[in-house]
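Beneath this line is the structure, given in structure tokens, with notes to follow.
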Amino acid sequence: MSATVWAILPPIIAIVLALLTKEVYSSLLIGVFSGALLFCNFNPLTAVETTFDIMGEKIGGNVDILLFLVFLGIIVALVTKSGASAAYGNWASNAISSKKGALLATSCLGVLIFVDDYFNCLTVGTVMRPVTDRYKVTRAKLAYIIDATAAPVCIIAPISSWAAAVGSSLPEGSEIDGFSLFLRTIPFNFYALFTLLFVLFIILSDRDFSKMQALELSGETGIDANAASDEIVSSGKGKVTDLILPIAFLIASCITAMLYTGGLFSGETIINAFANCSSARSLVLGSFFTIIFIFLLYIPRKIIGFTEFCECFVQGFKSMTSAIMILCLAWTLSGVCGENYLNIGGFVSALVNQHAFITTLVPFLFFLIALGLAFSTGTSWGTFGILIPIAIAIFGYGNMLVLSVAAILSGAVCGDHISPISDTTILSSAGAQCNHIVHVSTQIPYAMCVCVCCGIGFLLAGFTGSGVVGLIAGLISLAIEFIIITKISKKAAAEA
């Protein structure tokens with residue numbers, strides 16, 4: 001079953017079940033177990049052992065991310081308990097005077113936090129949730145804005161964990177500089193650029209459609225009932241600065257930790273330090289030192305008491321249990337489809353190599369394959385690692401390589417954006433405290449609109465050999481979509 005078409009079955013089972021039943025945990029577990037059964041030739045006992053072997057490997061390999069989530073949950077709990085979040089909400093209600101302003105502020109904050117998508121999702125959600133709630137923004141809309149300004153921003157930011165992931169995806173011994181290749185792909189990373197434009201259009205025009213519009217018109221919020229029941233009650237006397245300073249310290253300490261783990265203090269250049277850093281360990285270090293900073297900021301000033309400070313450790317951990325559970329199951333599903341088991345990447349590699357002769361279609365095909373692979377595995381970075389070496393093997397170095405790598409990055413982010421088992425999608429739901437399946441189902445129509453424009457762009461870019469032509473074609477098709485969406489939205493609103 002390894003490296004065959006059967007390798008794509010487990011993620012399909014998990015995704016279809018999740019969308020049909022609205023139960024994420026059981027759907028992921030069934031998907032994982034079905035993959036283990038395929039790998040073990042339908043021996044149920046061996047399949048169970050294999051499932052937990054993979055789960056142990058994945059949790060162990062991603063323990064830094066889990067620690068970061070716990071630490072960030074504690075930070076959120078501390079800031080909320082201190083009353084700083086409430087103070088910010090009161091201040092923002094005066095500074096921000098409309099729903100549109102709240103959404104614009106959310107998107108701007110998402111763009112500003114470009115270092116890492118995990119950090120982006122949870123921080124933006126925590127800071128902006130009270131403000132968007134005040135202006136009756138649905139949690140599904142908030143989750144979409146968070147998600148759309150997380151990975152799409154990180155993938156065009158030279159100083160980010162994603163830039164490092166792309167650079168590290170080049171095969172060993174390659175003479176191509178990964179960072180310069182990444183920089184050249186930025187103007188042609190259609191999905192990232194078009195998504196940001198799409199977000200601006202949705203906010204400024206105040207036009208929704210499909211399931212998002214239905215949710216808006218119904219008056220429902222899409223809130224995660226479990227997250228809502230765990231809301232932390234404010235009991236401190238914190239001010240706006242007690243929110244801003246911890247977040248600013250967290251950003252600064254995470255960036256400093258990235259430079260540290262990348263070897264800046266051992267003689268490496270800044271660019272090499274970001275390229276070689278351990279982003280997960282850096283986030284752990286940054287969040288850990290932020291907790292110490294908050295202790296020194298709050299306790300001496302008696303913003304909260306020592307007992308309340310300690311209580312936030314448990315409350316912060318509890319607030320992240322749902323996201324941690326989903327992530328662990330999603331990682332396990334990715335593992336069972338990985339190189340050592342069903343090897344979905346091997347199947348895709350063989351498929352691409354068999355059709356590599358259609359040169360003009362290669363950017364478009366890479367976009368579609370990256371989209372499908374990221375959607376089914378829930379990982380962009382894994383998709384980079386599989387497809388970028390193939391693109392280099394086909395084209396060497398040149399304009400078509402840049403277009404193909406840009407197509408891979410666009411497709412991977414698009415697939416990651418719409419996948420129910422993607423880390424970023426899961427954390428966007430957690431940050432907004434939105435029901436996960438509600439977030440996925442309302443986001444997919446928006447993402448697919450952008451996806452169509454990207455497909456047109458990469459198709460024409462491949463035929464003409466010009467990324468600029470593809471960019472112009474994509475922008476024109478996006479403008480046409482804006483006109484169509486406006487008409488559809490007006491008609492639906494009038495009928496409601």
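Residue names in the structure tokens use chain letters A, B, ... in the order shown, residue numbers from 1 in each chain, and ligand numbers from 1 in the order shown.
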- Extract, using only C-alpha atoms, all DNA, RNA and protein residues at most 12 Å from Leu112 (chain A), discarding same-chain residues fewer than 3 positions from it, and format them as an NGL selection string. :A and (105-109 or 115-117 or 119-121 or 123-124 or 146 or 149-150 or 153-154 or 157 or 159-160 or 248 or 251)
Filtering to all heavy atoms, could you give me those residues as a compact mmCIF listing (two decimals), in the first residue's frame?
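Heads up, here's the output in part-v8.txt:
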# COMPACT_ATOMS: atom_id res chain seq x y z
N ALA A 105 -8.59 46.46 12.09
CA ALA A 105 -7.58 46.38 13.14
C ALA A 105 -7.09 44.94 13.32
O ALA A 105 -5.90 44.70 13.52
CB ALA A 105 -8.16 46.90 14.45
N THR A 106 -8.00 43.98 13.21
CA THR A 106 -7.63 42.57 13.32
C THR A 106 -6.69 42.16 12.20
O THR A 106 -5.66 41.51 12.43
CB THR A 106 -8.90 41.68 13.28
OG1 THR A 106 -9.78 42.06 14.32
CG2 THR A 106 -8.53 40.22 13.44
N SER A 107 -7.03 42.56 10.96
CA SER A 107 -6.19 42.19 9.82
C SER A 107 -4.83 42.88 9.89
O SER A 107 -3.81 42.27 9.55
CB SER A 107 -6.89 42.54 8.51
OG SER A 107 -7.16 43.92 8.41
N CYS A 108 -4.80 44.13 10.33
CA CYS A 108 -3.52 44.85 10.45
C CYS A 108 -2.61 44.19 11.50
O CYS A 108 -1.40 44.05 11.28
CB CYS A 108 -3.76 46.31 10.82
SG CYS A 108 -4.44 47.29 9.49
N LEU A 109 -3.19 43.77 12.61
CA LEU A 109 -2.41 43.09 13.64
C LEU A 109 -1.89 41.76 13.11
O LEU A 109 -0.75 41.38 13.37
CB LEU A 109 -3.27 42.86 14.89
CG LEU A 109 -2.55 42.28 16.11
CD1 LEU A 109 -1.40 43.19 16.56
CD2 LEU A 109 -3.53 42.07 17.26
N VAL A 115 6.13 36.83 12.21
CA VAL A 115 7.26 35.95 12.54
C VAL A 115 6.89 34.48 12.44
O VAL A 115 7.64 33.66 11.91
CB VAL A 115 7.78 36.27 13.96
CG1 VAL A 115 8.90 35.31 14.34
CG2 VAL A 115 8.28 37.70 14.02
N ASP A 116 5.69 34.12 12.93
CA ASP A 116 5.29 32.71 12.94
C ASP A 116 3.77 32.62 12.95
O ASP A 116 3.10 33.41 13.61
CB ASP A 116 5.86 32.01 14.18
CG ASP A 116 5.56 30.53 14.19
OD1 ASP A 116 6.27 29.78 13.52
OD2 ASP A 116 4.59 30.14 14.86
N ASP A 117 3.23 31.65 12.20
CA ASP A 117 1.78 31.55 12.07
C ASP A 117 1.11 31.08 13.36
O ASP A 117 0.00 31.51 13.68
CB ASP A 117 1.41 30.63 10.91
CG ASP A 117 2.04 29.25 11.03
OD1 ASP A 117 3.17 29.15 11.54
OD2 ASP A 117 1.41 28.26 10.60
N PHE A 119 2.08 31.67 16.47
CA PHE A 119 2.10 32.85 17.32
C PHE A 119 1.04 33.85 16.85
O PHE A 119 0.30 34.43 17.64
CB PHE A 119 3.51 33.45 17.27
CG PHE A 119 3.70 34.68 18.10
CD1 PHE A 119 2.99 34.89 19.26
CD2 PHE A 119 4.62 35.64 17.71
CE1 PHE A 119 3.19 36.03 20.03
CE2 PHE A 119 4.83 36.77 18.46
CZ PHE A 119 4.10 36.97 19.62
N ASN A 120 0.96 34.03 15.54
CA ASN A 120 0.00 34.95 14.94
C ASN A 120 -1.43 34.58 15.31
O ASN A 120 -2.19 35.40 15.82
CB ASN A 120 0.19 34.92 13.41
CG ASN A 120 -0.73 35.86 12.67
OD1 ASN A 120 -1.93 35.81 12.84
ND2 ASN A 120 -0.16 36.69 11.81
N CYS A 121 -1.81 33.32 15.06
CA CYS A 121 -3.20 32.88 15.25
C CYS A 121 -3.69 33.12 16.68
O CYS A 121 -4.77 33.68 16.90
CB CYS A 121 -3.33 31.40 14.92
SG CYS A 121 -3.11 31.01 13.19
N THR A 123 -2.23 34.91 19.21
CA THR A 123 -2.08 36.27 19.74
C THR A 123 -3.17 37.20 19.20
O THR A 123 -3.80 37.94 19.95
CB THR A 123 -0.69 36.84 19.39
OG1 THR A 123 0.31 35.97 19.92
CG2 THR A 123 -0.51 38.22 19.99
N VAL A 124 -3.39 37.17 17.88
CA VAL A 124 -4.40 38.03 17.27
C VAL A 124 -5.78 37.70 17.83
O VAL A 124 -6.57 38.59 18.15
CB VAL A 124 -4.38 37.90 15.74
CG1 VAL A 124 -5.53 38.71 15.12
CG2 VAL A 124 -3.06 38.38 15.18
N ILE A 146 -8.20 35.89 10.96
CA ILE A 146 -6.98 35.41 11.61
C ILE A 146 -6.23 34.45 10.69
O ILE A 146 -5.02 34.59 10.47
CB ILE A 146 -7.31 34.71 12.95
CG1 ILE A 146 -7.85 35.71 13.97
CG2 ILE A 146 -6.09 34.01 13.51
CD1 ILE A 146 -8.42 35.06 15.22
N THR A 149 -4.59 35.98 7.54
CA THR A 149 -3.43 36.86 7.75
C THR A 149 -2.34 36.14 8.56
O THR A 149 -1.46 36.79 9.13
CB THR A 149 -3.84 38.16 8.47
OG1 THR A 149 -4.55 37.84 9.68
CG2 THR A 149 -4.72 39.01 7.58
N ALA A 150 -2.41 34.82 8.60
CA ALA A 150 -1.37 34.04 9.30
C ALA A 150 -0.39 33.47 8.27
O ALA A 150 0.59 34.12 7.92
CB ALA A 150 -2.02 32.94 10.13
N VAL A 153 0.63 35.63 5.21
CA VAL A 153 1.58 36.70 5.52
C VAL A 153 2.97 36.12 5.76
O VAL A 153 3.98 36.62 5.25
CB VAL A 153 1.12 37.52 6.75
CG1 VAL A 153 2.21 38.46 7.22
CG2 VAL A 153 -0.14 38.31 6.41
N CYS A 154 3.04 35.04 6.53
CA CYS A 154 4.33 34.43 6.86
C CYS A 154 5.07 33.95 5.61
O CYS A 154 6.30 34.00 5.55
CB CYS A 154 4.14 33.25 7.81
SG CYS A 154 3.55 33.71 9.45
N ALA A 157 6.95 36.82 4.03
CA ALA A 157 7.79 37.61 4.94
C ALA A 157 9.19 36.98 4.98
O ALA A 157 9.34 35.83 5.40
CB ALA A 157 7.19 37.63 6.34
N ILE A 159 11.62 37.47 6.95
CA ILE A 159 12.02 37.15 8.32
C ILE A 159 10.86 36.42 8.99
O ILE A 159 9.99 37.04 9.61
CB ILE A 159 12.40 38.42 9.10
CG1 ILE A 159 13.54 39.16 8.40
CG2 ILE A 159 12.81 38.08 10.53
CD1 ILE A 159 13.90 40.49 9.02
N SER A 160 10.82 35.13 8.83
CA SER A 160 9.76 34.32 9.43
C SER A 160 10.21 32.87 9.47
O SER A 160 11.16 32.47 8.77
CB SER A 160 8.46 34.43 8.62
OG SER A 160 8.58 33.74 7.39
N ALA A 248 4.44 42.90 23.34
CA ALA A 248 5.66 43.45 22.74
C ALA A 248 6.88 42.65 23.20
O ALA A 248 7.78 42.34 22.39
CB ALA A 248 5.82 44.92 23.12
N ILE A 251 6.92 39.24 21.35
CA ILE A 251 7.41 39.36 19.97
C ILE A 251 8.93 39.53 19.96
O ILE A 251 9.65 38.85 19.23
CB ILE A 251 6.73 40.55 19.26
CG1 ILE A 251 5.23 40.29 19.09
CG2 ILE A 251 7.39 40.81 17.90
CD1 ILE A 251 4.45 41.48 18.59
- Task: Please report, as an MDAnalysis selection string, each residue of region 318-438 of chain A to which DSSP assigns alpha helix (DSSP H) when run on this structure's backbone.
- Result: chainID A and resid 318:336 344:354 362:377 380:395 399:418 423:432 436:438
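Near Ser422 (chain A), within a cut-off of 10 Å and counting only C-alpha atoms, sit the residues A:Ile326, A:Leu327, A:Ala330, A:Trp331, A:Ser334, A:Ala374, A:Phe375, A:Ser376, A:Thr377, A:Gly378, A:Thr379, A:Ser380, A:Gly415, A:Asp416, A:His417, A:Leu427, A:Ser428, with same-chain residues fewer than 5 positions away left out.
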Writing out the chosen residues with C-alpha atoms as a compact mmCIF listing (two decimals), in the first residue's frame:
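Generated output (selection17.txt):
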# COMPACT_ATOMS: atom_id res chain seq x y z
CA ILE A 326 -6.63 18.01 17.54
CA LEU A 327 -3.00 18.78 16.73
CA ALA A 330 -3.58 15.60 12.96
CA TRP A 331 0.18 15.02 13.37
CA SER A 334 0.29 13.09 8.78
CA ALA A 374 -1.29 20.05 1.79
CA PHE A 375 -5.06 19.62 2.05
CA SER A 376 -4.80 15.87 2.60
CA THR A 377 -1.87 15.96 5.02
CA GLY A 378 -2.56 19.29 6.74
CA THR A 379 1.05 20.41 6.40
CA SER A 380 2.55 23.09 4.16
CA GLY A 415 -4.31 23.52 0.81
CA ASP A 416 -3.23 24.27 4.37
CA HIS A 417 -5.76 27.10 4.55
CA LEU A 427 -5.16 27.26 15.88
CA SER A 428 -7.20 29.93 14.10
- Message: For Gly411 (chain A), find every residue with an atom within 7 Å (counting only C-alpha atoms), except residues of its own chain fewer than 4 positions away, and show them as number ranges by chain.
- Response: A: 367-368, 370-371, 407, 415
Those same residues, written as a short mmCIF file (atom, residue, chain, number, x, y, z; two decimals), in the first residue's frame with C-alpha atoms?
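File written: result.cif
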data_model
loop_
_atom_site.label_atom_id
_atom_site.label_comp_id
_atom_site.auth_asym_id
_atom_site.auth_seq_id
_atom_site.Cartn_x
_atom_site.Cartn_y
_atom_site.Cartn_z
CA PHE A 367 -0.01 24.39 -7.77
CA LEU A 368 -2.76 21.75 -7.96
CA ALA A 370 0.72 21.08 -3.71
CA LEU A 371 -2.84 22.12 -2.91
CA ALA A 407 3.25 27.73 -7.43
CA GLY A 415 -4.31 23.52 0.81
#
- Leaving out region 193-200 of chain A and any residue of its chain fewer than 6 positions from it, which residues lie within 10 Å of it when counting only C-alpha atoms, given as a PyMOL selection string? chain A and resi 103-104+107+111+144-145+148-149+152-153+155-156+186-187+206+410+414+446-447+449-451+453-454+471+474-475+478-479+481-482
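Straight-line separation from CA of Ala3 (chain A) to CA of Ile390 (chain A): 15.9 Å.
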- Name all residues at most 12 Å from Ile244 (chain A) (count only C-alpha atoms; drop same-chain ones fewer than 6 positions away) and give them as a ChimeraX atom specification. /A:79,84-85,87-88,123,127,238,250-251,294,297
Would you export the selected residues with N, CA and C atoms as an mmCIF file, in the first residue's frame, please?
data_model
loop_
_atom_site.group_PDB
_atom_site.id
_atom_site.type_symbol
_atom_site.label_atom_id
_atom_site.label_comp_id
_atom_site.auth_asym_id
_atom_site.auth_seq_id
_atom_site.Cartn_x
_atom_site.Cartn_y
_atom_site.Cartn_z
ATOM 1 N N VAL A 79 -3.044 37.596 31.275
ATOM 2 C CA VAL A 79 -3.445 38.915 30.773
ATOM 3 C C VAL A 79 -4.940 39.130 30.986
ATOM 4 N N ALA A 84 -6.311 43.369 31.982
ATOM 5 C CA ALA A 84 -5.704 44.147 30.901
ATOM 6 C C ALA A 84 -6.483 43.990 29.602
ATOM 7 N N SER A 85 -6.987 42.775 29.339
ATOM 8 C CA SER A 85 -7.773 42.548 28.116
ATOM 9 C C SER A 85 -9.056 43.367 28.149
ATOM 10 N N ALA A 87 -9.484 46.120 29.834
ATOM 11 C CA ALA A 87 -9.088 47.526 29.695
ATOM 12 C C ALA A 87 -8.833 47.868 28.231
ATOM 13 N N TYR A 88 -8.198 46.931 27.530
ATOM 14 C CA TYR A 88 -7.952 47.149 26.103
ATOM 15 C C TYR A 88 -9.268 47.208 25.338
ATOM 16 N N THR A 123 -2.230 34.910 19.215
ATOM 17 C CA THR A 123 -2.085 36.273 19.741
ATOM 18 C C THR A 123 -3.167 37.199 19.197
ATOM 19 N N VAL A 127 -6.111 39.040 21.507
ATOM 20 C CA VAL A 127 -6.166 40.494 21.638
ATOM 21 C C VAL A 127 -7.453 41.071 21.051
ATOM 22 N N GLY A 238 -5.653 45.669 35.862
ATOM 23 C CA GLY A 238 -4.672 45.946 34.818
ATOM 24 C C GLY A 238 -5.104 47.060 33.882
ATOM 25 N N LEU A 250 6.856 39.529 24.169
ATOM 26 C CA LEU A 250 6.765 38.200 23.547
ATOM 27 C C LEU A 250 7.309 38.229 22.124
ATOM 28 N N ILE A 251 6.921 39.238 21.345
ATOM 29 C CA ILE A 251 7.411 39.361 19.974
ATOM 30 C C ILE A 251 8.929 39.531 19.964
ATOM 31 N N ILE A 294 5.949 38.816 32.855
ATOM 32 C CA ILE A 294 4.627 39.154 33.386
ATOM 33 C C ILE A 294 4.614 39.065 34.912
ATOM 34 N N LEU A 297 6.135 42.099 36.139
ATOM 35 C CA LEU A 297 5.317 43.265 35.815
ATOM 36 C C LEU A 297 4.077 43.358 36.706
#
- Surrounding residues of region 208-219 of chain A excluding itself and chain neighbours under 4 positions, 12 Å, only C-alpha atoms, as number ranges by chain: A: 136-144, 198-199, 201-204, 223, 437-449, 481-482, 484-496
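Using only C-alpha atoms for every distance, the candidate list A:Phe114, A:Tyr298, A:Phe71, A:Tyr260 yields A:Tyr260 as the residue closest to Ser282 (chain A).
The coordinates place CA of Ile426 (chain A) at 23.7 Å from CA of Thr290 (chain A).
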